[in-house]
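Chemist: Contents of work01.tsv (TSV, C-alpha atoms):
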chain	number	residue	atom	x	y	z
T	1356	MET	CA	-46.28	-4.43	-12.79
T	1357	THR	CA	-45.98	-3.78	-16.50
T	1358	ILE	CA	-43.49	-5.58	-18.75
T	1359	SER	CA	-41.40	-2.42	-19.18
T	1360	ARG	CA	-40.96	-2.16	-15.41
T	1361	TRP	CA	-39.93	-5.81	-15.19
T	1362	LEU	CA	-37.45	-5.21	-17.98
T	1363	SER	CA	-35.93	-2.18	-16.28
T	1364	VAL	CA	-35.56	-4.15	-13.01
T	1365	MET	CA	-33.85	-6.97	-14.92
T	1366	VAL	CA	-31.49	-4.51	-16.66
T	1367	LEU	CA	-30.59	-3.02	-13.27
T	1368	VAL	CA	-29.91	-6.46	-11.73
T	1369	VAL	CA	-27.81	-7.60	-14.71
T	1370	SER	CA	-25.75	-4.38	-14.80
T	1371	ALA	CA	-25.22	-4.50	-11.03
T	1372	SER	CA	-23.98	-8.08	-11.16
T	1373	ALA	CA	-21.70	-7.24	-14.11
T	1374	CYS	CA	-20.14	-4.38	-12.09
T	1375	GLY	CA	-19.16	-6.72	-9.28
T	1376	ARG	CA	-17.85	-9.54	-11.43
T	1377	PRO	CA	-14.45	-10.65	-10.14
T	1378	ASP	CA	-11.48	-11.19	-12.40
T	1379	VAL	CA	-11.10	-14.79	-13.43
T	1380	ALA	CA	-7.67	-16.40	-13.28
T	1381	PRO	CA	-6.27	-16.70	-16.82
T	1382	PHE	CA	-5.66	-20.44	-17.08
T	1383	GLY	CA	-4.42	-22.22	-20.14
T	1384	GLY	CA	-0.75	-21.36	-20.40
T	1385	GLY	CA	1.39	-23.77	-22.40
T	1386	GLU	CA	4.97	-24.50	-23.35
T	1387	LYS	CA	5.86	-20.84	-23.97
T	1388	GLU	CA	4.58	-19.78	-20.55
T	1389	THR	CA	6.50	-22.62	-18.87
T	1390	GLN	CA	9.68	-21.39	-20.59
T	1391	LEU	CA	8.95	-17.85	-19.45
T	1392	ILE	CA	8.52	-19.01	-15.86
T	1393	ALA	CA	11.75	-21.04	-15.94
T	1394	ALA	CA	13.66	-18.03	-17.33
T	1395	THR	CA	12.09	-15.78	-14.68
T	1396	VAL	CA	13.06	-18.13	-11.84
T	1397	ALA	CA	16.60	-18.27	-13.25
T	1398	VAL	CA	16.59	-14.42	-13.52
T	1399	ASP	CA	17.75	-14.72	-17.11
T	1400	VAL	CA	16.73	-11.41	-18.72
T	1401	ALA	CA	17.68	-12.47	-22.27
T	1402	LYS	CA	15.63	-15.68	-22.09
T	1403	VAL	CA	12.68	-13.86	-20.57
T	1404	ARG	CA	12.75	-11.40	-23.48
T	1405	GLU	CA	13.05	-14.30	-25.91
T	1406	ALA	CA	10.02	-16.10	-24.42
T	1407	LEU	CA	7.97	-12.90	-24.45
T	1408	ALA	CA	8.96	-12.21	-28.05
T	1409	ALA	CA	7.86	-15.76	-28.92
T	1410	GLY	CA	4.40	-14.87	-27.61
T	1411	ALA	CA	4.39	-16.10	-24.00
T	1412	ASP	CA	1.63	-14.44	-21.98
T	1413	PRO	CA	3.01	-13.27	-18.60
T	1414	ASN	CA	-0.47	-13.35	-17.05
T	1415	LYS	CA	-1.33	-16.94	-17.93
T	1416	LEU	CA	-1.18	-19.68	-15.32
T	1417	VAL	CA	0.67	-22.94	-15.82
T	1418	SER	CA	1.47	-25.77	-13.48
T	1419	PHE	CA	5.07	-25.34	-12.36
T	1420	LYS	CA	6.67	-27.37	-9.56
T	1421	ASP	CA	3.26	-28.57	-8.32
T	1422	ASN	CA	1.91	-25.02	-8.13
T	1423	LEU	CA	-0.07	-22.76	-10.39
T	1424	GLN	CA	2.20	-19.92	-11.41
T	1425	SER	CA	2.34	-16.99	-13.79
T	1426	GLY	CA	5.59	-15.45	-14.98
T	1427	TRP	CA	4.29	-12.05	-13.91
T	1428	LEU	CA	3.75	-13.02	-10.27
T	1429	LEU	CA	7.09	-14.84	-10.09
T	1430	SER	CA	8.93	-11.78	-11.40
T	1431	LEU	CA	7.32	-9.60	-8.71
T	1432	ASP	CA	7.86	-12.23	-6.03
T	1433	GLN	CA	11.60	-12.32	-6.62
T	1434	LEU	CA	12.19	-8.58	-6.32
T	1435	LYS	CA	14.92	-7.37	-4.06
T	1436	PRO	CA	16.13	-3.81	-3.51
T	1437	GLY	CA	18.80	-2.91	-6.04
T	1438	ARG	CA	18.25	-5.99	-8.27
T	1439	ALA	CA	18.31	-4.22	-11.64
T	1440	ASP	CA	17.94	-7.50	-13.58
T	1441	MET	CA	14.60	-8.29	-11.90
T	1442	VAL	CA	13.35	-4.79	-12.63
T	1443	GLU	CA	14.35	-5.31	-16.27
T	1444	ILE	CA	12.22	-8.46	-16.31
T	1445	VAL	CA	9.31	-6.61	-14.70
T	1446	ARG	CA	9.54	-3.84	-17.32
T	1447	ALA	CA	9.75	-6.38	-20.15
T	1448	MET	CA	6.62	-8.14	-18.88
T	1449	LEU	CA	4.72	-4.87	-18.52
T	1450	LYS	CA	5.64	-4.07	-22.11
T	1451	SER	CA	4.28	-7.50	-23.15
T	1452	GLY	CA	0.90	-6.95	-21.57
T	1453	ALA	CA	1.37	-7.99	-17.93
T	1454	LYS	CA	-1.63	-6.84	-15.94
T	1455	VAL	CA	-0.71	-3.65	-14.10
T	1456	GLU	CA	-3.01	-4.13	-11.11
T	1457	ARG	CA	-3.00	-7.88	-10.49
T	1458	ALA	CA	-0.73	-10.90	-10.81
T	1459	TRP	CA	-2.11	-14.42	-10.74
T	1460	GLY	CA	-0.56	-17.47	-9.16
T	1461	THR	CA	0.53	-18.94	-5.88
T	1462	GLY	CA	4.01	-17.42	-5.99
T	1463	ILE	CA	7.19	-18.74	-4.47
T	1464	ARG	CA	6.42	-17.93	-0.88
T	1465	GLN	CA	7.71	-20.20	1.85
T	1466	VAL	CA	5.21	-22.78	3.04
T	1467	ASN	CA	5.71	-21.81	6.69
T	1468	GLU	CA	5.36	-18.09	5.99
T	1469	GLN	CA	2.99	-16.25	8.32
T	1470	LEU	CA	0.29	-14.72	6.17
T	1471	THR	CA	-1.02	-11.26	6.95
T	1472	PHE	CA	-4.73	-10.79	7.52
T	1473	ARG	CA	-5.06	-9.27	4.07
T	1474	GLN	CA	-3.27	-12.17	2.42
T	1475	GLN	CA	-5.54	-14.60	4.27
T	1476	LEU	CA	-8.53	-12.73	2.92
T	1477	ALA	CA	-7.27	-13.14	-0.66
T	1478	LYS	CA	-8.50	-16.71	-0.64
T	1479	PRO	CA	-7.71	-18.99	-3.53
T	1480	ARG	CA	-10.41	-18.59	-6.11
T	1481	GLN	CA	-9.87	-21.52	-8.44
T	1482	GLN	CA	-7.75	-24.63	-8.07
T	1483	GLY	CA	-5.38	-23.00	-5.64
T	1484	SER	CA	-4.68	-19.85	-7.63
T	1485	SER	CA	-4.81	-16.45	-5.97
T	1486	ASP	CA	-4.43	-12.89	-7.16
T	1487	HIS	CA	-1.90	-10.46	-5.78
T	1488	ASP	CA	-1.88	-6.69	-5.85
T	1489	THR	CA	1.23	-5.86	-7.86
T	1490	MET	CA	1.97	-2.61	-5.99
T	1491	GLU	CA	1.78	-4.40	-2.66
T	1492	LEU	CA	4.40	-6.90	-3.84
T	1493	ALA	CA	6.68	-4.16	-5.17
T	1494	VAL	CA	6.48	-2.22	-1.89
T	1495	GLU	CA	6.77	-5.34	0.25
T	1496	HIS	CA	10.00	-6.26	-1.51
T	1497	GLY	CA	11.32	-2.71	-1.22
T	1498	SER	CA	11.76	-2.21	-4.97
T	1499	ARG	CA	11.38	1.50	-5.74
T	1500	GLU	CA	12.24	0.92	-9.38
T	1501	THR	CA	9.31	-1.49	-9.72
T	1502	VAL	CA	6.99	0.93	-7.95
T	1503	ARG	CA	8.06	3.52	-10.51
T	1504	ALA	CA	7.60	1.04	-13.38
T	1505	LEU	CA	4.07	0.14	-12.21
T	1506	LEU	CA	3.14	3.81	-11.83
T	1507	ASP	CA	4.55	4.57	-15.30
T	1508	ALA	CA	2.48	1.67	-16.67
T	1509	GLY	CA	-0.71	3.20	-15.29
T	1510	TYR	CA	-1.15	1.65	-11.83
T	1511	SER	CA	-3.42	3.83	-9.70
T	1512	PRO	CA	-2.39	3.63	-6.03
T	1513	ARG	CA	-5.62	5.31	-4.95
T	1514	GLY	CA	-7.25	2.07	-3.87
T	1515	SER	CA	-4.16	0.39	-2.46
T	1516	SER	CA	-3.93	1.70	1.08
T	1517	PHE	CA	-1.82	-1.30	2.08
T	1518	ALA	CA	1.05	-0.19	-0.17
T	1519	LEU	CA	1.35	3.24	1.47
T	1520	SER	CA	1.13	1.84	5.00
T	1521	GLU	CA	3.73	-0.79	4.13
T	1522	ALA	CA	6.09	1.87	2.72
T	1523	VAL	CA	5.60	3.92	5.91
T	1524	ASP	CA	6.33	0.83	7.99
T	1525	GLN	CA	9.53	0.28	6.04
T	1526	ASP	CA	10.52	3.90	6.71
T	1527	ASP	CA	11.09	4.38	2.98
T	1528	THR	CA	10.55	8.11	2.51
T	1529	GLU	CA	11.22	8.05	-1.23
T	1530	MET	CA	8.66	5.29	-1.79
T	1531	VAL	CA	6.07	7.08	0.36
T	1532	LYS	CA	6.59	10.32	-1.60
T	1533	MET	CA	6.32	8.43	-4.88
T	1534	LEU	CA	3.01	6.83	-3.87
T	1535	LEU	CA	1.57	10.07	-2.48
T	1536	ASP	CA	2.60	12.01	-5.60
T	1537	ALA	CA	0.85	9.37	-7.69
T	1538	GLY	CA	-2.40	9.88	-5.77
T	1539	ALA	CA	-2.30	7.36	-2.90
T	1540	GLU	CA	-4.77	8.39	-0.22
T	1541	VAL	CA	-3.05	9.70	2.88
T	1542	ASN	CA	-6.25	9.16	4.89
T	1543	PRO	CA	-7.59	5.85	3.55
T	1544	ARG	CA	-11.04	4.76	4.66
T	1545	SER	CA	-10.52	1.06	4.27
T	1546	GLY	CA	-10.62	-0.86	7.51
T	1547	MET	CA	-8.42	-3.58	6.06
T	1548	THR	CA	-5.09	-2.09	7.07
T	1549	GLN	CA	-3.74	0.38	9.59
T	1550	PRO	CA	-3.82	3.97	8.29
T	1551	PRO	CA	-0.33	5.29	7.38
T	1552	LEU	CA	-0.37	7.96	10.13
T	1553	LEU	CA	-1.08	5.32	12.79
T	1554	VAL	CA	1.77	3.16	11.46
T	1555	ALA	CA	4.15	6.14	11.75
T	1556	ILE	CA	2.87	6.92	15.27
T	1557	GLU	CA	3.24	3.31	16.43
T	1558	ASN	CA	6.76	3.18	14.99
T	1559	ARG	CA	7.45	6.52	16.71
T	1560	ASP	CA	8.84	7.68	13.39
T	1561	VAL	CA	8.79	11.48	13.72
T	1562	ALA	CA	10.19	12.22	10.24
T	1563	MET	CA	7.62	9.99	8.52
T	1564	MET	CA	4.81	11.32	10.70
T	1565	THR	CA	5.77	14.90	9.78
T	1566	LEU	CA	5.87	14.03	6.08
T	1567	LEU	CA	2.38	12.50	6.27
T	1568	GLU	CA	1.07	15.49	8.22
T	1569	GLU	CA	2.44	17.83	5.55
T	1570	ARG	CA	0.49	15.78	3.00
T	1571	GLY	CA	-2.72	16.11	5.02
T	1572	ALA	CA	-2.76	13.06	7.30
T	1573	LEU	CA	-5.18	13.49	10.20
T	1574	GLU	CA	-6.22	11.54	13.27
T	1575	LYS	CA	-9.78	12.00	12.04
T	1576	PRO	CA	-10.08	12.05	8.25
T	1577	PRO	CA	-12.36	14.76	6.82
T	1578	SER	CA	-15.93	13.57	7.14
T	1579	ARG	CA	-18.15	12.93	4.15
T	1580	SER	CA	-21.04	12.27	6.43
T	1581	TRP	CA	-24.44	13.88	5.95
T	1582	ILE	CA	-24.93	13.96	9.72
T	1583	PRO	CA	-24.63	17.64	10.77
T	1584	GLY	CA	-21.74	18.62	13.02
T	1585	ARG	CA	-19.73	15.44	12.50
F	9	MET	CA	-58.53	18.15	3.83
F	10	SER	CA	-61.07	15.38	3.83
F	11	ASP	CA	-61.67	13.18	6.88
F	12	SER	CA	-60.21	10.09	5.20
F	13	LYS	CA	-56.98	11.94	4.37
F	14	ALA	CA	-56.69	13.27	7.90
F	15	SER	CA	-57.22	9.84	9.42
F	16	PHE	CA	-54.59	8.37	7.04
F	17	PHE	CA	-51.97	10.80	8.34
F	18	VAL	CA	-52.97	10.31	11.99
F	19	LEU	CA	-52.78	6.51	11.61
F	20	ALA	CA	-49.42	6.86	9.81
F	21	LEU	CA	-48.10	9.06	12.61
F	22	PHE	CA	-48.76	6.32	15.15
F	23	GLY	CA	-47.63	3.52	12.85
F	24	LEU	CA	-51.08	2.06	12.61
F	25	ASN	CA	-51.19	1.65	8.82
F	26	ARG	CA	-48.70	0.37	6.23
F	27	ALA	CA	-47.34	3.86	5.44
F	28	GLY	CA	-46.78	4.49	9.15
F	29	GLN	CA	-45.03	1.16	9.63
F	30	VAL	CA	-42.68	1.91	6.71
F	31	LEU	CA	-42.05	5.43	8.04
F	32	TRP	CA	-41.25	4.27	11.58
F	33	GLY	CA	-39.21	1.38	10.25
F	34	LEU	CA	-37.05	3.81	8.29
F	35	ILE	CA	-36.70	6.13	11.31
F	36	ALA	CA	-35.67	3.17	13.52
F	37	ALA	CA	-33.13	1.97	10.93
F	38	ALA	CA	-31.66	5.48	10.64
F	39	GLY	CA	-31.48	5.75	14.44
F	40	LEU	CA	-29.73	2.39	14.71
F	41	ALA	CA	-27.27	3.36	11.96
F	42	TYR	CA	-26.52	6.66	13.74
F	43	PHE	CA	-26.04	4.81	17.06
F	44	VAL	CA	-23.57	2.35	15.50
F	45	TYR	CA	-21.81	5.23	13.73
F	46	SER	CA	-21.46	7.23	16.94
F	47	ILE	CA	-20.07	4.21	18.84
F	48	GLN	CA	-17.46	3.59	16.17
F	49	ASP	CA	-16.52	7.21	15.62
F	50	PRO	CA	-15.79	9.03	18.89
F	51	HIS	CA	-16.32	12.74	19.18
F	52	PHE	CA	-13.19	14.43	17.85
F	53	SER	CA	-13.13	18.12	16.96
F	54	ASP	CA	-10.69	20.16	14.87
F	55	GLU	CA	-9.28	21.53	18.12
F	56	ASP	CA	-8.65	17.92	19.26
F	57	GLU	CA	-6.79	17.37	15.99
F	58	ARG	CA	-4.52	20.33	16.83
F	59	LEU	CA	-4.09	19.07	20.41
F	60	PHE	CA	-2.99	15.61	19.25
F	61	ARG	CA	-0.60	17.06	16.69
F	62	ALA	CA	0.96	19.35	19.30
F	63	ALA	CA	1.18	16.41	21.76
F	64	ARG	CA	2.94	14.27	19.14
F	65	HIS	CA	5.51	16.97	18.45
F	66	GLY	CA	6.05	18.10	22.05
F	67	ASP	CA	4.67	21.57	21.34
F	68	ARG	CA	3.74	22.76	24.85
F	69	ALA	CA	2.35	26.14	23.75
F	70	GLY	CA	0.21	24.40	21.12
F	71	VAL	CA	-1.14	21.88	23.65
F	72	GLU	CA	-2.08	24.64	26.12
F	73	ARG	CA	-3.64	26.75	23.36
F	74	SER	CA	-5.78	23.83	22.16
F	75	LEU	CA	-6.88	22.91	25.68
F	76	ASP	CA	-7.84	26.55	26.35
F	77	ALA	CA	-9.73	26.62	23.03
F	78	GLY	CA	-11.87	23.64	24.05
F	79	ALA	CA	-10.00	20.47	23.10
F	80	GLY	CA	-10.92	17.60	25.40
F	81	VAL	CA	-8.15	16.09	27.47
F	82	ALA	CA	-10.10	12.82	27.55
F	83	ASP	CA	-11.12	12.83	23.87
F	84	LEU	CA	-10.18	9.71	21.95
F	85	SER	CA	-8.54	9.53	18.55
F	86	PRO	CA	-10.68	7.76	15.92
F	87	LEU	CA	-7.45	6.06	14.78
F	88	ASP	CA	-6.86	3.92	17.85
F	89	ARG	CA	-9.13	5.26	20.61
F	90	LYS	CA	-6.24	6.74	22.55
F	91	THR	CA	-6.01	10.12	24.29
F	92	ALA	CA	-3.48	12.89	23.64
F	93	LEU	CA	-1.64	11.64	26.76
F	94	PHE	CA	-0.73	8.44	24.87
F	95	ARG	CA	0.70	10.48	21.98
F	96	ALA	CA	2.87	12.69	24.20
F	97	ALA	CA	3.95	9.68	26.28
F	98	ALA	CA	4.88	7.47	23.32
F	99	PHE	CA	7.09	10.19	21.84
F	100	GLY	CA	8.75	10.81	25.21
F	101	HIS	CA	7.53	14.37	25.77
F	102	ALA	CA	7.57	14.52	29.59
F	103	ASP	CA	6.65	18.22	29.81
F	104	ILE	CA	3.53	17.65	27.70
F	105	VAL	CA	2.57	14.60	29.79
F	106	ARG	CA	2.90	16.80	32.88
F	107	VAL	CA	0.65	19.51	31.38
F	108	LEU	CA	-1.97	16.98	30.34
F	109	LEU	CA	-1.99	15.32	33.77
F	110	GLU	CA	-2.33	18.74	35.43
F	111	ARG	CA	-5.26	19.49	33.14
F	112	GLY	CA	-7.03	16.32	34.24
F	113	ALA	CA	-5.84	13.57	31.88
F	114	ASP	CA	-6.42	10.13	33.35
F	115	ALA	CA	-3.28	7.98	33.26
F	116	ALA	CA	-5.38	4.86	33.85
F	117	THR	CA	-7.36	5.26	30.60
F	118	LEU	CA	-7.06	2.23	28.32
F	119	GLY	CA	-6.41	2.66	24.61
F	120	GLY	CA	-8.11	0.69	21.87
F	121	ASP	CA	-5.51	-2.05	22.35
F	122	GLY	CA	-6.39	-2.41	26.06
F	123	LYS	CA	-3.10	-0.89	27.29
F	124	THR	CA	-2.46	2.12	29.51
F	125	ALA	CA	-0.09	4.92	28.48
F	126	LEU	CA	2.47	3.54	30.98
F	127	GLU	CA	2.36	0.10	29.35
F	128	VAL	CA	2.82	1.68	25.91
F	129	VAL	CA	5.83	3.66	27.17
F	130	ILE	CA	7.43	0.59	28.78
F	131	GLU	CA	7.08	-1.31	25.49
F	132	ALA	CA	8.53	1.60	23.51
F	133	ARG	CA	11.42	1.85	25.99
F	134	ALA	CA	12.23	-1.83	25.48
F	135	ASP	CA	12.49	-1.30	21.70
F	136	GLU	CA	14.36	2.02	21.82
F	137	LYS	CA	18.07	1.99	21.00
F	138	LYS	CA	18.99	5.71	21.21
F	139	PRO	CA	20.17	6.70	24.73
F	140	GLU	CA	18.58	10.15	24.47
F	141	ALA	CA	15.17	8.73	23.58
F	142	GLN	CA	15.52	6.05	26.28
F	143	LYS	CA	16.10	8.80	28.86
F	144	ALA	CA	13.02	10.73	27.67
F	145	LEU	CA	10.84	7.61	27.85
F	146	ASP	CA	12.17	6.78	31.34
F	147	GLU	CA	11.18	10.25	32.49
F	148	VAL	CA	7.66	9.80	31.09
F	149	ALA	CA	7.39	6.33	32.64
F	150	ASN	CA	8.37	7.75	36.04
F	151	LEU	CA	5.75	10.49	35.75
F	152	LEU	CA	3.01	8.00	34.84
F	153	GLN	CA	4.13	5.59	37.56
F	154	LYS	CA	3.93	8.38	40.16
F	155	GLU	CA	0.46	9.31	38.90
F	156	LYS	CA	-0.59	5.67	39.21
F	157	THR	CA	0.62	5.33	42.82
F	158	SER	CA	-0.51	8.77	44.04
F	159	PRO	CA	-3.82	8.71	45.95
Would you write out, as structure tokens, the structure that this file holds?
Modeler:
Amino acid sequence: MTISRWLSVMVLVVSASACGRPDVAPFGGGEKETQLIAATVAVDVAKVREALAAGADPNKLVSFKDNLQSGWLLSLDQLKPGRADMVEIVRAMLKSGAKVERAWGTGIRQVNEQLTFRQQLAKPRQQGSSDHDTMELAVEHGSRETVRALLDAGYSPRGSSFALSEAVDQDDTEMVKMLLDAGAEVNPRSGMTQPPLLVAIENRDVAMMTLLEERGALEKPPSRSWIPGR
Amino acid sequence: MSDSKASFFVLALFGLNRAGQVLWGLIAAAGLAYFVYSIQDPHFSDEDERLFRAARHGDRAGVERSLDAGAGVADLSPLDRKTALFRAAAFGHADIVRVLLERGADAATLGGDGKTALEVVIEARADEKKPEAQKALDEVANLLQKEKTSP
């Protein structure tokens, strides 16, 4: 094999490995980030804004109450339907560079909480930190305003089939419409979660099932297979 | 074509040289992939799709039309490996369940979760709060129970 061929193989290997490189948890938060986290836990919008204005990075991890936390994850983890102050905090963090797709940290979940299969798969990557899909958290906590804020900030729900299925499970028509309008796949191919139509069928939710059907949900998603007749 | 070329192709055809081994290896891998694919993805036509939709919504005319047009009463949904009978039963459409049973649906078929349609209906009935829906599910459960006990 000539040198040029070896070089092209090496370029291919390097570019392939670069494509699959996982995000690395942003460690190294300091005093400012600790203040941001404390203000977020206290749901103090003014202090959160103050910490962000002082340069606190919402993505950065700091040790807080024996856990690795980021202000961004804590803000999403404390969402509740109708809590306008938390949504204000979420919007402020997005404005200050919070990562639209992911939030790092271990969160404030209860120790005895039953983890879903997907959550179990999101194994801690470094020193107990884990990454969370921001849209999943927003949908899980039933916060339409945050779903809207994430979509406005550029979140693409195309790859997050869990969020749509979760919204269907919660029978939240508005949230489902919002996600579908933003491009969420009505027939996701991922085997990680139940497809939205199946969730609606199992819940015997006729209105939701009809809505999904109108948006193209099928028992058998359109095939992209090259095998003829399938 | 020279003799050496001809013998190369003959040997390859029977897998007796390296090219033949690679060729047959690829064919075997493709066959295995197709086999796995066909196990995972049951046969499910567009007409089946219409049948299942009609069964979910209690559309008797739609169910009969799809069955007449070639939808399979025993065909399984790729979603959960359940038949149209499960769909009609779970939504409490007794008339559709009756039509499907008359057309040869097997009430003893197990879904992907290992349950029969009757078991699914009994579970749904236990969760149901609306009296009207409870009544519809009871009717379906009776039908399926009768089918189970009939010779």
Chemist: Please identify every residue of chain F that has at least one atom no more than 10 Å from any atom of chain T, counting all atoms listed in the file, and report them as a list in words.
Modeler: Tyr42, Ser46, Asp49, Pro50, His51, Phe52, Ser53, Asp54, Asp56, Glu57, Arg58, Phe60, Arg61, Arg64, His65, Leu84, Ser85, Pro86, Leu87, Asp88, Arg95, Ala98, Phe99, Gly100, Val128, Ala132, Asp135 and Glu136 of chain F
Chemist: May I ask for the distance between atom CA of F:Leu93 and atom CA of F:Lys156, given in Å to one decimal place?
Modeler: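 Separating atom CA of F:Leu93 from atom CA of F:Lys156 is a distance of 13.8 Å.
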Chemist: From the set T:Gly1452, T:Gly1410, T:Pro1436, T:Gly1497, which residue has the shortest atom-to-atom contact distance to T:Leu1519, counting all atoms listed in the file?
Modeler: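 Closest residue, counting all atoms listed in the file: T:Gly1497.
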Chemist: Using only C-alpha atoms, which residues sit within 6 Å of stretch 67-78 of chain F once same-chain residues fewer than 5 positions away are excluded, as a PyMOL selection string?
Modeler: chain F and resi 55+59+62+104
Chemist: For atom CA of F:Arg106 and atom CA of F:Leu151, determine how far apart the two atoms are, in Å to one decimal place.
Modeler: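 Separating atom CA of F:Arg106 from atom CA of F:Leu151 is a distance of 7.5 Å.
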Chemist: List the neighbours of T:Ser1425 out to 9 Å using only C-alpha atoms; skip same-chain residues closer than 3 positions along the sequence, and give me the result as a ChimeraX atom specification.
Modeler: /T:1384,1388-1389,1391-1392,1412-1419,1428-1430,1458-1462
Chemist: Emit the selected residues as a PDB file, in the coordinates of the input, including C-alpha atoms.
Modeler:
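And here is the file that came out, again-v6.pdb:
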ATOM      1  CA  GLY T1384      -0.750 -21.360 -20.400  1.00  0.00           C
ATOM      2  CA  GLU T1388       4.580 -19.780 -20.550  1.00  0.00           C
ATOM      3  CA  THR T1389       6.500 -22.620 -18.870  1.00  0.00           C
ATOM      4  CA  LEU T1391       8.950 -17.850 -19.450  1.00  0.00           C
ATOM      5  CA  ILE T1392       8.520 -19.010 -15.860  1.00  0.00           C
ATOM      6  CA  ASP T1412       1.630 -14.440 -21.980  1.00  0.00           C
ATOM      7  CA  PRO T1413       3.010 -13.270 -18.600  1.00  0.00           C
ATOM      8  CA  ASN T1414      -0.470 -13.350 -17.050  1.00  0.00           C
ATOM      9  CA  LYS T1415      -1.330 -16.940 -17.930  1.00  0.00           C
ATOM     10  CA  LEU T1416      -1.180 -19.680 -15.320  1.00  0.00           C
ATOM     11  CA  VAL T1417       0.670 -22.940 -15.820  1.00  0.00           C
ATOM     12  CA  SER T1418       1.470 -25.770 -13.480  1.00  0.00           C
ATOM     13  CA  PHE T1419       5.070 -25.340 -12.360  1.00  0.00           C
ATOM     14  CA  LEU T1428       3.750 -13.020 -10.270  1.00  0.00           C
ATOM     15  CA  LEU T1429       7.090 -14.840 -10.090  1.00  0.00           C
ATOM     16  CA  SER T1430       8.930 -11.780 -11.400  1.00  0.00           C
ATOM     17  CA  ALA T1458      -0.730 -10.900 -10.810  1.00  0.00           C
ATOM     18  CA  TRP T1459      -2.110 -14.420 -10.740  1.00  0.00           C
ATOM     19  CA  GLY T1460      -0.560 -17.470  -9.160  1.00  0.00           C
ATOM     20  CA  THR T1461       0.530 -18.940  -5.880  1.00  0.00           C
ATOM     21  CA  GLY T1462       4.010 -17.420  -5.990  1.00  0.00           C
TER      22      GLY T1462
END
Chemist: Find the distance between atom CA of F:Ala144 and atom CA of F:Leu126 and write it in Å to one decimal.
Modeler: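 Interatomic distance, atom CA of F:Ala144 to atom CA of F:Leu126: 13.2 Å.
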Chemist: Can you list, as a list in words, every protein, DNA or RNA residue that comes within 12 Å of F:Ala134 when you count only C-alpha atoms, leaving out same-chain residues fewer than 5 positions away?
Modeler: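 Contacts, in chain order: Glu127, Val128, Val129, Pro139, Ala141, Gln142, Lys143, Leu145, Asp146 and Ala149 of chain F.
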Chemist: Box time for stretch 1403-1415 of chain T: axis-aligned, enclosing all its listed atoms, 3 Å extra on each side; report centre and edge lengths in Å to one decimal, as JSON.
Modeler:
{"center_x": 5.9, "center_y": -14.2, "center_z": -23.0, "size_x": 20.4, "size_y": 11.5, "size_z": 17.9}
Chemist: Using all atoms listed in the file, pick whichever of F:Ala79, F:Ala115, F:Leu40, F:Lys138 has the shortest atom-to-atom distance to F:Thr157.
Modeler: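 Nearest candidate to F:Thr157 out of F:Ala79, F:Ala115, F:Leu40, F:Lys138: F:Ala115.
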